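Asker: Structure file structure20.txt, compact mmCIF, C-alpha atoms and all ligand atoms, is pasted below:
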# COMPACT_ATOMS: atom_id res chain seq x y z
CA MET A 10 -12.49 15.96 1.08
CA ALA A 11 -9.14 14.24 1.55
CA ALA A 12 -7.77 14.01 5.10
CA MET A 13 -4.11 14.03 4.05
CA ARG A 14 -2.34 17.08 2.71
CA VAL A 15 0.35 17.99 0.18
CA HIS A 16 1.86 21.41 0.89
CA GLY A 17 -1.22 22.06 3.05
CA THR A 18 -3.77 21.16 0.35
CA PRO A 19 -6.09 18.17 0.96
CA THR A 20 -5.05 15.61 -1.68
CA ARG A 21 -5.86 12.02 -2.57
CA THR A 22 -3.56 9.68 -4.48
CA ILE A 23 -6.02 9.23 -7.38
CA TRP A 24 -9.00 11.28 -8.51
CA PRO A 25 -11.29 11.45 -11.55
CA VAL A 26 -10.98 14.61 -13.64
CA ALA A 27 -13.71 16.66 -15.29
CA GLY A 28 -14.29 16.37 -19.05
CA PRO A 29 -13.41 13.28 -21.10
CA ARG A 30 -12.92 10.21 -18.88
CA ALA A 31 -9.48 10.25 -17.19
CA VAL A 32 -7.95 10.02 -13.72
CA ASP A 33 -5.07 11.92 -12.18
CA ILE A 34 -2.51 10.25 -9.94
CA ILE A 35 0.48 11.36 -7.91
CA ASP A 36 3.49 9.93 -9.76
CA GLN A 37 5.19 8.05 -6.92
CA THR A 38 8.31 7.30 -8.96
CA ALA A 39 9.11 11.03 -8.80
CA LEU A 40 8.69 11.31 -5.01
CA PRO A 41 10.26 12.47 -2.76
CA HIS A 42 12.50 14.32 -5.20
CA ALA A 43 9.66 15.96 -7.15
CA TYR A 44 5.88 16.22 -6.78
CA ARG A 45 4.26 15.42 -10.12
CA VAL A 46 0.65 14.74 -11.10
CA LEU A 47 0.13 12.42 -14.05
CA ARG A 48 -3.03 11.92 -16.13
CA LEU A 49 -4.12 8.39 -17.07
CA HIS A 50 -6.31 8.43 -20.20
CA ASN A 51 -6.77 4.78 -21.05
CA LEU A 52 -6.12 1.13 -20.20
CA ALA A 53 -2.51 1.22 -21.42
CA ASP A 54 -1.68 4.26 -19.25
CA THR A 55 -3.25 2.59 -16.24
CA ALA A 56 -1.48 -0.75 -16.69
CA GLN A 57 1.83 1.04 -17.18
CA ALA A 58 1.30 3.16 -14.05
CA ILE A 59 0.78 0.03 -11.94
CA ARG A 60 3.63 -1.93 -13.55
CA SER A 61 6.15 0.91 -13.22
CA MET A 62 4.99 1.71 -9.66
CA GLN A 63 3.84 5.24 -10.47
CA VAL A 64 0.99 4.01 -8.32
CA ARG A 65 1.88 1.41 -5.72
CA GLY A 66 0.71 -0.02 -2.41
CA ALA A 67 -1.86 -2.81 -2.40
CA PRO A 68 -5.09 -0.83 -1.89
CA LEU A 69 -4.12 1.88 -4.39
CA ILE A 70 -3.17 -0.72 -7.00
CA GLY A 71 -6.68 -2.19 -6.66
CA VAL A 72 -8.41 1.18 -7.01
CA THR A 73 -6.27 2.12 -10.01
CA ALA A 74 -7.05 -1.20 -11.70
CA ALA A 75 -10.78 -0.53 -11.22
CA TYR A 76 -10.39 2.82 -12.96
CA GLY A 77 -8.36 1.04 -15.66
CA VAL A 78 -11.35 -1.19 -16.44
CA ALA A 79 -13.60 1.88 -16.49
CA LEU A 80 -11.26 3.70 -18.90
CA ALA A 81 -11.11 0.64 -21.17
CA LEU A 82 -14.92 0.45 -21.28
CA ALA A 83 -15.20 4.18 -21.94
CA ALA A 84 -13.38 3.45 -25.22
CA ARG A 85 -15.20 0.18 -26.06
CA ALA A 86 -17.72 -1.58 -23.87
CA ASP A 87 -18.05 -5.01 -25.51
CA ASP A 88 -17.11 -8.33 -23.91
CA SER A 89 -13.76 -8.64 -25.64
CA SER A 90 -12.73 -5.18 -24.43
CA LEU A 91 -13.80 -6.06 -20.86
CA GLN A 92 -11.95 -9.39 -20.90
CA ALA A 93 -8.81 -7.83 -22.43
CA ALA A 94 -8.80 -5.11 -19.75
CA LEU A 95 -9.18 -7.68 -16.95
CA ARG A 96 -6.36 -9.80 -18.42
CA THR A 97 -3.99 -6.88 -18.99
CA LEU A 98 -4.47 -5.44 -15.54
CA ALA A 99 -4.28 -8.82 -13.77
CA ALA A 100 -0.82 -9.34 -15.30
CA THR A 101 0.65 -6.05 -14.02
CA ARG A 102 1.76 -7.14 -10.53
CA PRO A 103 1.33 -10.55 -8.88
CA THR A 104 1.43 -10.22 -5.10
CA ALA A 105 -1.08 -7.59 -3.96
CA VAL A 106 -4.40 -9.42 -4.03
CA ASN A 107 -6.33 -6.13 -3.90
CA LEU A 108 -5.69 -5.95 -7.65
CA HIS A 109 -7.48 -9.24 -8.29
CA TRP A 110 -10.17 -8.41 -5.75
CA ALA A 111 -10.96 -5.13 -7.55
CA LEU A 112 -10.95 -6.79 -10.99
CA ALA A 113 -13.30 -9.56 -9.80
CA ARG A 114 -15.63 -6.94 -8.36
CA MET A 115 -15.62 -4.92 -11.60
CA GLN A 116 -16.30 -8.05 -13.63
CA ALA A 117 -19.19 -9.12 -11.39
CA CYS A 118 -20.71 -5.64 -11.62
CA LEU A 119 -20.37 -5.32 -15.40
CA VAL A 120 -20.58 -8.66 -17.11
CA ASP A 121 -24.39 -8.98 -17.17
CA LEU A 122 -25.12 -5.36 -18.04
CA PRO A 123 -26.21 -4.30 -21.54
CA LEU A 124 -23.30 -2.75 -23.46
CA SER A 125 -25.04 0.65 -23.47
CA GLY A 126 -24.88 0.89 -19.67
CA ARG A 127 -21.45 -0.57 -19.01
CA ALA A 128 -19.18 2.46 -19.31
CA GLU A 129 -21.24 4.53 -16.91
CA ALA A 130 -21.62 1.63 -14.45
CA ALA A 131 -17.87 0.91 -14.54
CA TRP A 132 -17.01 4.52 -13.78
CA ALA A 133 -19.47 4.58 -10.88
CA GLU A 134 -18.21 1.24 -9.47
CA ALA A 135 -14.56 2.37 -9.62
CA GLY A 136 -15.58 5.51 -7.74
CA ARG A 137 -17.35 3.42 -5.10
CA ILE A 138 -14.29 1.20 -4.66
CA ALA A 139 -12.18 4.34 -4.12
CA GLU A 140 -14.61 5.79 -1.58
CA GLU A 141 -14.87 2.49 0.29
CA ASP A 142 -11.09 2.21 0.44
CA LEU A 143 -10.89 5.65 2.02
CA GLU A 144 -13.56 4.83 4.59
CA GLN A 145 -12.03 1.45 5.44
CA CYS A 146 -8.61 2.99 5.97
CA ARG A 147 -10.13 5.64 8.22
CA ARG A 148 -11.66 2.85 10.31
CA ILE A 149 -8.35 0.98 10.43
CA GLY A 150 -7.01 4.15 12.06
CA ASP A 151 -9.77 4.06 14.69
CA ASN A 152 -9.31 0.32 15.30
CA GLY A 153 -5.52 0.38 15.44
CA LEU A 154 -5.19 3.36 17.75
CA PRO A 155 -6.16 1.53 20.99
CA LEU A 156 -3.64 -1.21 20.21
CA LEU A 157 -0.84 1.30 19.78
CA LEU A 158 -1.89 3.17 22.92
CA ALA A 159 -1.93 -0.05 24.94
CA ASN A 160 1.83 -0.23 24.40
CA ALA A 161 2.56 3.39 25.34
CA ARG A 162 4.82 4.10 28.31
CA PRO A 163 3.87 7.62 29.40
CA PRO A 164 5.36 10.10 30.02
CA SER A 165 7.65 8.85 27.23
CA ARG A 166 6.41 9.45 23.72
CA LEU A 167 4.92 6.53 21.81
CA GLU A 168 7.66 5.00 19.64
CA VAL A 169 6.37 3.15 16.59
CA MET A 170 8.38 1.42 13.87
CA THR A 171 7.07 0.79 10.35
CA HIS A 172 8.40 -0.65 7.11
CA CYS A 173 7.90 0.26 3.45
CA ASN A 174 5.11 2.75 2.78
CA ALA A 175 1.73 1.77 4.14
CA GLY A 176 0.60 5.35 4.50
CA TRP A 177 -1.93 7.34 2.52
CA LEU A 178 0.25 7.17 -0.59
CA ALA A 179 -0.36 3.40 -0.68
CA THR A 180 -4.15 3.84 -0.49
CA VAL A 181 -6.63 6.51 -1.58
CA ASP A 182 -6.26 8.38 1.72
CA HIS A 183 -5.31 7.78 5.41
CA GLY A 184 -3.19 4.63 4.76
CA THR A 185 -3.28 1.29 6.54
CA ALA A 186 -0.36 0.93 8.97
CA LEU A 187 -0.04 4.71 9.23
CA ALA A 188 -3.77 5.32 9.73
CA PRO A 189 -3.53 4.66 13.51
CA VAL A 190 -0.40 6.82 13.61
CA TYR A 191 -2.25 9.73 11.98
CA ALA A 192 -5.22 9.11 14.29
CA ALA A 193 -2.90 9.32 17.32
CA PHE A 194 -1.13 12.43 16.06
CA ASP A 195 -4.40 14.17 15.21
CA GLN A 196 -5.61 13.52 18.79
CA GLY A 197 -2.52 15.25 20.15
CA ILE A 198 -0.74 12.08 21.28
CA ASP A 199 3.03 12.40 21.48
CA ILE A 200 4.13 9.91 18.82
CA HIS A 201 7.30 9.31 16.83
CA VAL A 202 7.80 6.94 13.89
CA TRP A 203 10.94 5.00 12.97
CA VAL A 204 10.90 4.64 9.19
CA SER A 205 13.06 2.03 7.50
CA GLU A 206 14.52 2.99 4.15
CA THR A 207 13.14 -0.15 2.40
CA ARG A 208 15.82 -0.84 -0.18
CA PRO A 209 15.85 -1.19 -3.10
CA ARG A 210 12.80 0.93 -4.04
CA ASN A 211 13.10 3.11 -0.94
CA GLN A 212 9.40 3.28 -0.10
CA GLY A 213 10.53 4.47 3.33
CA LEU A 214 11.39 7.78 1.67
CA LEU A 215 7.73 8.05 0.64
CA THR A 216 6.74 7.37 4.25
CA ALA A 217 9.10 10.08 5.51
CA TRP A 218 7.72 12.46 2.87
CA GLU A 219 4.09 11.95 3.79
CA LEU A 220 4.74 12.02 7.55
CA ARG A 221 6.55 15.30 7.06
CA GLN A 222 3.65 16.72 5.02
CA HIS A 223 1.39 15.93 7.99
CA GLY A 224 3.88 17.13 10.61
CA VAL A 225 4.33 13.73 12.32
CA PRO A 226 7.76 13.41 14.03
CA HIS A 227 9.81 10.64 12.43
CA THR A 228 13.35 9.38 11.87
CA LEU A 229 14.66 7.46 8.86
CA ILE A 230 16.87 4.42 9.49
CA ALA A 231 18.75 2.04 7.23
CA ASP A 232 16.89 -1.27 7.04
CA ASN A 233 19.72 -3.00 8.86
CA ALA A 234 19.39 -0.73 11.91
CA ALA A 235 15.95 -2.07 12.85
CA GLY A 236 17.20 -5.09 14.83
CA LEU A 237 19.48 -3.01 17.01
CA LEU A 238 16.80 -0.40 17.73
CA LEU A 239 14.30 -3.09 18.69
CA ALA A 240 16.83 -4.91 20.90
CA ARG A 241 17.67 -1.66 22.71
CA GLY A 242 14.09 -1.47 23.97
CA GLY A 243 13.18 1.95 22.60
CA ILE A 244 10.36 0.80 20.31
CA ASP A 245 6.83 0.25 21.70
CA ALA A 246 5.25 -1.38 18.65
CA VAL A 247 5.92 -2.28 15.03
CA ILE A 248 3.08 -1.79 12.54
CA VAL A 249 3.15 -2.63 8.83
CA GLY A 250 0.70 -3.08 5.96
CA ALA A 251 0.14 -6.15 3.81
CA ASP A 252 -0.12 -7.09 0.16
CA ARG A 253 -1.93 -10.35 0.82
CA ILE A 254 -3.10 -12.05 3.98
CA ALA A 255 -3.66 -15.80 3.66
CA ALA A 256 -6.61 -17.54 5.34
CA ASN A 257 -4.34 -18.77 8.17
CA GLY A 258 -3.04 -15.25 8.91
CA ASP A 259 0.33 -15.49 7.14
CA VAL A 260 1.20 -12.13 5.57
CA ALA A 261 2.95 -11.17 2.35
CA ASN A 262 4.41 -7.68 2.58
CA LYS A 263 7.41 -5.72 1.36
CA ILE A 264 10.74 -7.52 1.48
CA GLY A 265 12.28 -7.03 4.91
CA THR A 266 9.01 -7.30 6.82
CA TYR A 267 9.86 -10.84 7.95
CA LEU A 268 13.21 -9.73 9.42
CA LYS A 269 11.46 -6.98 11.39
CA ALA A 270 8.89 -9.46 12.69
CA LEU A 271 11.67 -11.81 13.82
CA ALA A 272 13.54 -9.00 15.55
CA ALA A 273 10.35 -7.72 17.16
CA ARG A 274 9.55 -11.19 18.53
CA ALA A 275 13.10 -11.63 19.85
CA SER A 276 12.83 -8.26 21.61
CA GLY A 277 9.31 -8.77 22.99
CA VAL A 278 7.84 -5.94 20.90
CA PRO A 279 4.30 -6.40 19.47
CA PHE A 280 4.11 -6.67 15.69
CA TYR A 281 0.84 -5.53 14.06
CA VAL A 282 -0.37 -5.85 10.48
CA ALA A 283 -3.04 -3.43 9.26
CA ALA A 284 -5.03 -4.05 6.06
CA PRO A 285 -8.55 -3.76 4.65
CA ARG A 286 -10.79 -6.68 3.60
CA SER A 287 -9.55 -6.38 -0.01
CA THR A 288 -6.10 -7.58 1.15
CA ILE A 289 -7.39 -10.83 2.68
CA ASP A 290 -7.31 -13.84 0.36
CA PHE A 291 -9.54 -16.51 1.91
CA ALA A 292 -8.84 -18.71 -1.14
CA CYS A 293 -5.16 -18.82 -0.23
CA PRO A 294 -4.63 -21.34 2.60
CA ASP A 295 -1.20 -20.12 3.75
CA GLY A 296 1.74 -17.93 2.86
CA ALA A 297 3.61 -20.65 0.99
CA VAL A 298 1.25 -20.37 -1.99
CA ILE A 299 1.25 -16.56 -2.26
CA PRO A 300 2.99 -15.52 -5.51
CA LEU A 301 5.96 -13.29 -4.66
CA GLU A 302 7.03 -10.73 -7.23
CA GLU A 303 10.63 -10.72 -8.47
CA ARG A 304 11.59 -7.35 -9.89
CA ALA A 305 14.33 -6.27 -12.26
CA GLY A 306 17.93 -6.39 -11.01
CA GLU A 307 18.45 -2.82 -12.22
CA GLU A 308 16.43 -1.66 -9.20
CA LEU A 309 19.37 -2.82 -7.06
CA ARG A 310 22.11 -1.64 -9.37
CA MET A 311 20.83 1.93 -9.67
CA VAL A 312 20.12 4.59 -7.03
CA GLN A 313 17.93 7.67 -7.38
CA GLY A 314 18.33 11.06 -5.81
CA ARG A 315 19.11 14.70 -6.48
CA ASP A 316 22.43 15.66 -8.06
CA ALA A 317 24.81 18.46 -7.06
CA THR A 318 22.64 20.95 -8.96
CA ASP A 319 19.57 19.69 -7.04
CA LEU A 320 18.02 18.01 -10.07
CA PRO A 321 16.44 14.55 -9.77
CA GLY A 322 18.60 11.86 -11.37
CA GLU A 323 19.96 8.30 -11.25
CA LEU A 324 23.40 6.86 -10.48
CA ARG A 325 24.71 3.40 -11.27
CA GLN A 326 26.12 1.77 -8.12
CA LEU A 327 26.76 -1.70 -9.54
CA ALA A 328 27.90 -2.92 -12.95
CA ILE A 329 25.16 -4.22 -15.21
CA ASP A 330 26.74 -7.69 -15.36
CA GLU A 331 26.85 -8.19 -11.57
CA ALA A 332 24.41 -10.92 -10.55
CA VAL A 333 21.57 -9.72 -8.33
CA VAL A 334 18.29 -11.12 -7.17
CA ASN A 335 15.45 -8.80 -6.26
CA PRO A 336 12.46 -10.39 -4.51
CA ALA A 337 9.97 -7.60 -3.79
CA PHE A 338 8.00 -9.30 -0.99
CA ASP A 339 8.43 -11.85 1.78
CA ILE A 340 6.15 -13.92 4.00
CA THR A 341 5.75 -13.27 7.70
CA PRO A 342 4.27 -16.33 9.39
CA ALA A 343 1.13 -15.77 11.44
CA SER A 344 2.96 -16.97 14.56
CA LEU A 345 5.05 -13.77 14.58
CA ILE A 346 2.05 -11.43 14.27
CA SER A 347 0.49 -10.03 17.47
CA ALA A 348 -2.76 -8.98 15.76
CA LEU A 349 -4.31 -8.15 12.41
CA ILE A 350 -6.15 -4.83 12.20
CA SER A 351 -8.87 -4.19 9.63
CA GLU A 352 -11.88 -1.94 9.11
CA ARG A 353 -13.89 -4.42 11.19
CA GLY A 354 -11.61 -4.40 14.26
CA SER A 355 -8.62 -6.49 15.25
CA CYS A 356 -8.13 -10.24 15.52
CA ALA A 357 -5.57 -12.96 16.02
CA ALA A 358 -3.56 -13.77 12.91
CA SER A 359 -5.24 -17.13 12.44
CA ASN A 360 -8.01 -18.85 10.56
CA ALA A 361 -10.31 -18.53 13.55
CA GLY A 362 -9.43 -14.87 14.06
CA LEU A 363 -10.15 -13.92 10.45
CA ARG A 364 -13.36 -15.98 10.36
CA ASN A 365 -14.51 -14.25 13.52
CA LEU A 366 -14.01 -10.85 11.87
CA TYR A 367 -15.63 -11.93 8.56
CA PRO A 368 -18.23 -14.56 9.53
CA GLU A 369 -20.10 -14.03 6.23
CA GLN A 370 -17.09 -15.32 4.27
CA PRO A 371 -17.99 -18.71 2.70
CA LEU A 372 -15.57 -21.56 3.42
CA VAL A 373 -13.40 -22.21 0.36
O1 LIG B 401 5.93 -2.66 -4.05
P1 LIG B 401 4.96 -1.77 -3.35
O2 LIG B 401 5.52 -0.42 -3.05
O3 LIG B 401 3.62 -1.71 -4.07
O4 LIG B 401 4.72 -2.50 -1.97
C1 LIG B 401 3.92 -1.89 -1.00
C2 LIG B 401 3.88 -2.65 0.26
O5 LIG B 401 4.47 -3.70 0.41
C3 LIG B 401 2.99 -2.12 1.34
O6 LIG B 401 3.54 -2.37 2.60
C4 LIG B 401 1.64 -2.83 1.23
O7 LIG B 401 1.12 -2.70 -0.06
C5 LIG B 401 0.68 -2.31 2.20
S1 LIG B 401 0.17 -0.73 1.73
C6 LIG B 401 -1.11 -0.14 2.47
Please go through the file and, once you have read it, give me the structure as structure tokens.
Answerer:
Amino acid sequence: MAAMRVHGTPTRTIWPVAGPRAVDIIDQTALPHAYRVLRLHNLADTAQAIRSMQVRGAPLIGVTAAYGVALALAARADDSSLQAALRTLAATRPTAVNLHWALARMQACLVDLPLSGRAEAAWAEAGRIAEEDLEQCRRIGDNGLPLLLANARPPSRLEVMTHCNAGWLATVDHGTALAPVYAAFDQGIDIHVWVSETRPRNQGLLTAWELRQHGVPHTLIADNAAGLLLARGGIDAVIVGADRIAANGDVANKIGTYLKALAARASGVPFYVAAPRSTIDFACPDGAVIPLEERAGEELRMVQGRDATDLPGELRQLAIDEAVVNPAFDITPASLISALISERGSCAASNAGLRNLYPEQPLV
């Protein structure tokens, strides 16, 4: 049963459907202007959903890729089909390491199996990855809550700022950065979330949408307002998700995260990063070597919304021949991060901190 709700109905972001192999997703390119469920039937549908950001958010990208492998093997289970699926999905988006983590796990599970057993095993493994993601996010909520509460100033309400969407829409359920927020709210704690718009893809609108579905008080701000709000002293903590955490604790996350971390440090506000194990890349020594996605300039030149007749639509705000650059992620150095929060607990954003949390991790 999903913990999060859409119009009061428990809902996950991705779920297998009965009958011939397929999964349903919430089409996040339609939100918040329309709620639409989309069926993915095969590898091509799955790769397109990740590429076009119909599914997005590091953990959800990983889970969707796992189902993509399973759908490819449901059609043809031989080695060339498996390798083609892994290659196609690995090329969809570069920064979120959860994608590569999920593909490596699917490969390890499947490669030595007889062809006759592969399709079934792939489906089961994708399902396990989805269930584990849900459970890990739930634990991130439990582990992050005490950190948020430690910064509360009762009787004032707890004021938390976030960036992008690291809520349940970015995972299977619960979210990463928002999991402790939902945990607090569900325990009756007076909490309010400052949500930055997150231009140009406006993932902050997804955050506002899902907080509203759950009834969590929140306020949307333009990205550029974050520094002022932090400097004024009204924010108790900033919490964000991550697309890849390097072995030294540097974090790749949505563009604009670094500016928030700088402003938080300058204002003496703690800055937390919440992510599951699948987001940590122990093979990546530091943030400088994390591949950062550059997306199409049209994302900056166009804006989406509802028109005067209340229909979803797009408007051009900049001529097609205006030069733009659109980096989708930035790196926040470990030195600006107060703590990392995972399903195992919390730790310093450092090599030692991460090793302490994952002692079984072999040295690379
Ligand atoms: O480009 P997106 O929307 O996939 O980027 C999402 C983010 O940057 C999130 O903050 C990150 O994946 C953490 S989500 C739990």
Asker: To one decimal in Å, tell me the separation between CA of Tyr191 in chain A and atom O7 of ligand LIG 401 (chain B).
Answerer: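 For CA of Tyr191 in chain A relative to atom O7 of ligand LIG 401 (chain B), the distance reads 17.6 Å.
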Asker: Write out as a ChimeraX atom specification each polymer residue (protein, DNA or RNA) that has an atom no more than 8 Å from ligand LIG 401 (chain B), with all atoms listed in the file counted.
Answerer: /A:62,64-70,105,172-177,179-180,184-186,210,212,249-252,261-264,283-284,337-338
Asker: Could you write out the selected residues, including C-alpha atoms, as a short mmCIF file (atom, residue, chain, number, x, y, z; two decimals), in the frame of the given file?
Answerer:
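That gives us out-v2.cif:
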data_model
loop_
_atom_site.label_atom_id
_atom_site.label_comp_id
_atom_site.auth_asym_id
_atom_site.auth_seq_id
_atom_site.Cartn_x
_atom_site.Cartn_y
_atom_site.Cartn_z
CA MET A 62 4.99 1.71 -9.66
CA VAL A 64 0.99 4.01 -8.32
CA ARG A 65 1.88 1.41 -5.72
CA GLY A 66 0.71 -0.02 -2.41
CA ALA A 67 -1.86 -2.81 -2.40
CA PRO A 68 -5.09 -0.83 -1.89
CA LEU A 69 -4.12 1.88 -4.39
CA ILE A 70 -3.17 -0.72 -7.00
CA ALA A 105 -1.08 -7.59 -3.96
CA HIS A 172 8.40 -0.65 7.11
CA CYS A 173 7.90 0.26 3.45
CA ASN A 174 5.11 2.75 2.78
CA ALA A 175 1.73 1.77 4.14
CA GLY A 176 0.60 5.35 4.50
CA TRP A 177 -1.93 7.34 2.52
CA ALA A 179 -0.36 3.40 -0.68
CA THR A 180 -4.15 3.84 -0.49
CA GLY A 184 -3.19 4.63 4.76
CA THR A 185 -3.28 1.29 6.54
CA ALA A 186 -0.36 0.93 8.97
CA ARG A 210 12.80 0.93 -4.04
CA GLN A 212 9.40 3.28 -0.10
CA VAL A 249 3.15 -2.63 8.83
CA GLY A 250 0.70 -3.08 5.96
CA ALA A 251 0.14 -6.15 3.81
CA ASP A 252 -0.12 -7.09 0.16
CA ALA A 261 2.95 -11.17 2.35
CA ASN A 262 4.41 -7.68 2.58
CA LYS A 263 7.41 -5.72 1.36
CA ILE A 264 10.74 -7.52 1.48
CA ALA A 283 -3.04 -3.43 9.26
CA ALA A 284 -5.03 -4.05 6.06
CA ALA A 337 9.97 -7.60 -3.79
CA PHE A 338 8.00 -9.30 -0.99
#
Asker: To one decimal place in Å, what is the distance between CA of Gly150 in chain A and CA of Met13 in chain A?
Answerer: 13.0 Å
Asker: I'd like the contact shell of Glu140 in chain A - 10 Å cut-off, all atoms listed in the file, skipping same-chain residues fewer than 4 positions apart - returned as JSON, numbers by chain.
Answerer: {"A": [72, 134, 135, 136, 144, 145, 181, 182]}
Asker: Just to confirm, what's the straight-line distance from CA of Glu369 in chain A to CA of Gln116 in chain A in Å (one decimal)?
Answerer: 21.1 Å
Asker: Taking 2 positions as the minimum chain separation for residues in the same chain, which residues sit within 9 Å of range 317-330 of chain A when counting only C-alpha atoms? Answer as a ChimeraX atom specification.
Answerer: /A:39,42-43,306-307,309-315,332-333
Asker: Kindly indicate which residue among A:Asp339, A:Asp151, A:Glu331, A:Glu352 lies nearest to Tyr267 in chain A, using all atoms listed in the file for the distances.
Answerer: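 Comparing A:Asp339, A:Asp151, A:Glu331, A:Glu352 against Tyr267 in chain A, the winner is A:Asp339.
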Asker: Find the spatial neighbours of Thr104 in chain A, counting only C-alpha atoms, within a cut-off of 7 Å - ignore same-chain residues fewer than 5 positions away - and output them as number ranges by chain.
Answerer: A: 252-253, 299-302
Asker: Would you output that residue set with C-alpha atoms, as an mmCIF file, in the frame of the given file?
Answerer:
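Written file, result-v9.cif:
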data_model
loop_
_atom_site.group_PDB
_atom_site.id
_atom_site.type_symbol
_atom_site.label_atom_id
_atom_site.label_comp_id
_atom_site.auth_asym_id
_atom_site.auth_seq_id
_atom_site.Cartn_x
_atom_site.Cartn_y
_atom_site.Cartn_z
ATOM 1 C CA ASP A 252 -0.120 -7.090 0.160
ATOM 2 C CA ARG A 253 -1.930 -10.350 0.820
ATOM 3 C CA ILE A 299 1.250 -16.560 -2.260
ATOM 4 C CA PRO A 300 2.990 -15.520 -5.510
ATOM 5 C CA LEU A 301 5.960 -13.290 -4.660
ATOM 6 C CA GLU A 302 7.030 -10.730 -7.230
#
Asker: From the set A:Ala139, A:Ala272, A:Ala343, A:Ala231, which residue has the shortest atom-to-atom contact distance to Asn211 in chain A, counting all atoms listed in the file?
Answerer: A:Ala231
Asker: When distances are computed from only C-alpha atoms, which of A:Gly362, A:Gly213, A:Pro336, A:Gly354 shows the smallest separation from Arg148 in chain A?
Answerer: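 With only C-alpha atoms as the atom set, the closest residue is A:Gly354.
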Asker: Using all atoms listed in the file, find the one residue out of A:Pro294, A:Gly265, A:Pro226, A:Gly126 that sits nearest to Glu168 in chain A.
Answerer: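 Distance minimum relative to Glu168 in chain A lands on A:Pro226.
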Asker: Of the candidates A:Ser287, A:Asn365, A:Asn360, A:Ser89, which shows the shortest atom-to-atom distance to Cys146 in chain A, using only C-alpha atoms?
Answerer: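 Comparing A:Ser287, A:Asn365, A:Asn360, A:Ser89 against Cys146 in chain A, the winner is A:Ser287.
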Asker: Taking all atoms listed in the file into account, which of A:Leu108, A:Pro371, A:Leu178, A:Glu206 comes nearest Leu143 in chain A?
Answerer: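 Among A:Leu108, A:Pro371, A:Leu178, A:Glu206, it is A:Leu178 that comes nearest to Leu143 in chain A.
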Asker: Can you list, as a VMD selection string, every protein, DNA or RNA residue that comes within 12 Å of range 255-258 of chain A when you count only C-alpha atoms, leaving out same-chain residues fewer than 6 positions away?
Answerer: chain A and resid 104 to 106 281 to 284 286 to 300 340 to 350 356 to 367 370 to 373
Asker: To test the calculation: enclose all listed atoms of range 49-58 of chain A in a box whose edges run along x, y and z, add 5 Å on each side, then state centre and edge lengths in Å to one decimal, as JSON.
Answerer:
{"center_x": -2.5, "center_y": 3.8, "center_z": -17.7, "size_x": 18.6, "size_y": 19.2, "size_z": 17.4}
Asker: List every protein, DNA or RNA residue with an atom no more than 8 Å from (-0.5, 13.5, -3.7) in the file's coordinates, counting all atoms listed in the file, and format the result as a PyMOL selection string.
Answerer: chain A and resi 14-15+20-23+34-35+44+46+178
Asker: Can you spit out the residues from that selection as a short mmCIF file (atom, residue, chain, number, x, y, z; two decimals), in the coordinates of the input, using C-alpha atoms?
Answerer:
data_model
loop_
_atom_site.label_atom_id
_atom_site.label_comp_id
_atom_site.auth_asym_id
_atom_site.auth_seq_id
_atom_site.Cartn_x
_atom_site.Cartn_y
_atom_site.Cartn_z
CA ARG A 14 -2.34 17.08 2.71
CA VAL A 15 0.35 17.99 0.18
CA THR A 20 -5.05 15.61 -1.68
CA ARG A 21 -5.86 12.02 -2.57
CA THR A 22 -3.56 9.68 -4.48
CA ILE A 23 -6.02 9.23 -7.38
CA ILE A 34 -2.51 10.25 -9.94
CA ILE A 35 0.48 11.36 -7.91
CA TYR A 44 5.88 16.22 -6.78
CA VAL A 46 0.65 14.74 -11.10
CA LEU A 178 0.25 7.17 -0.59
#
Asker: Set the distance at 8 Å and use only C-alpha atoms: which residues neighbour range 55-59 of chain A once local chain neighbours fewer than 5 positions away are removed? I'd like the list as a VMD selection string.
Answerer: chain A and resid 49 to 50 64 to 65 70 73 to 74 76 to 77 97 to 98 101 to 102
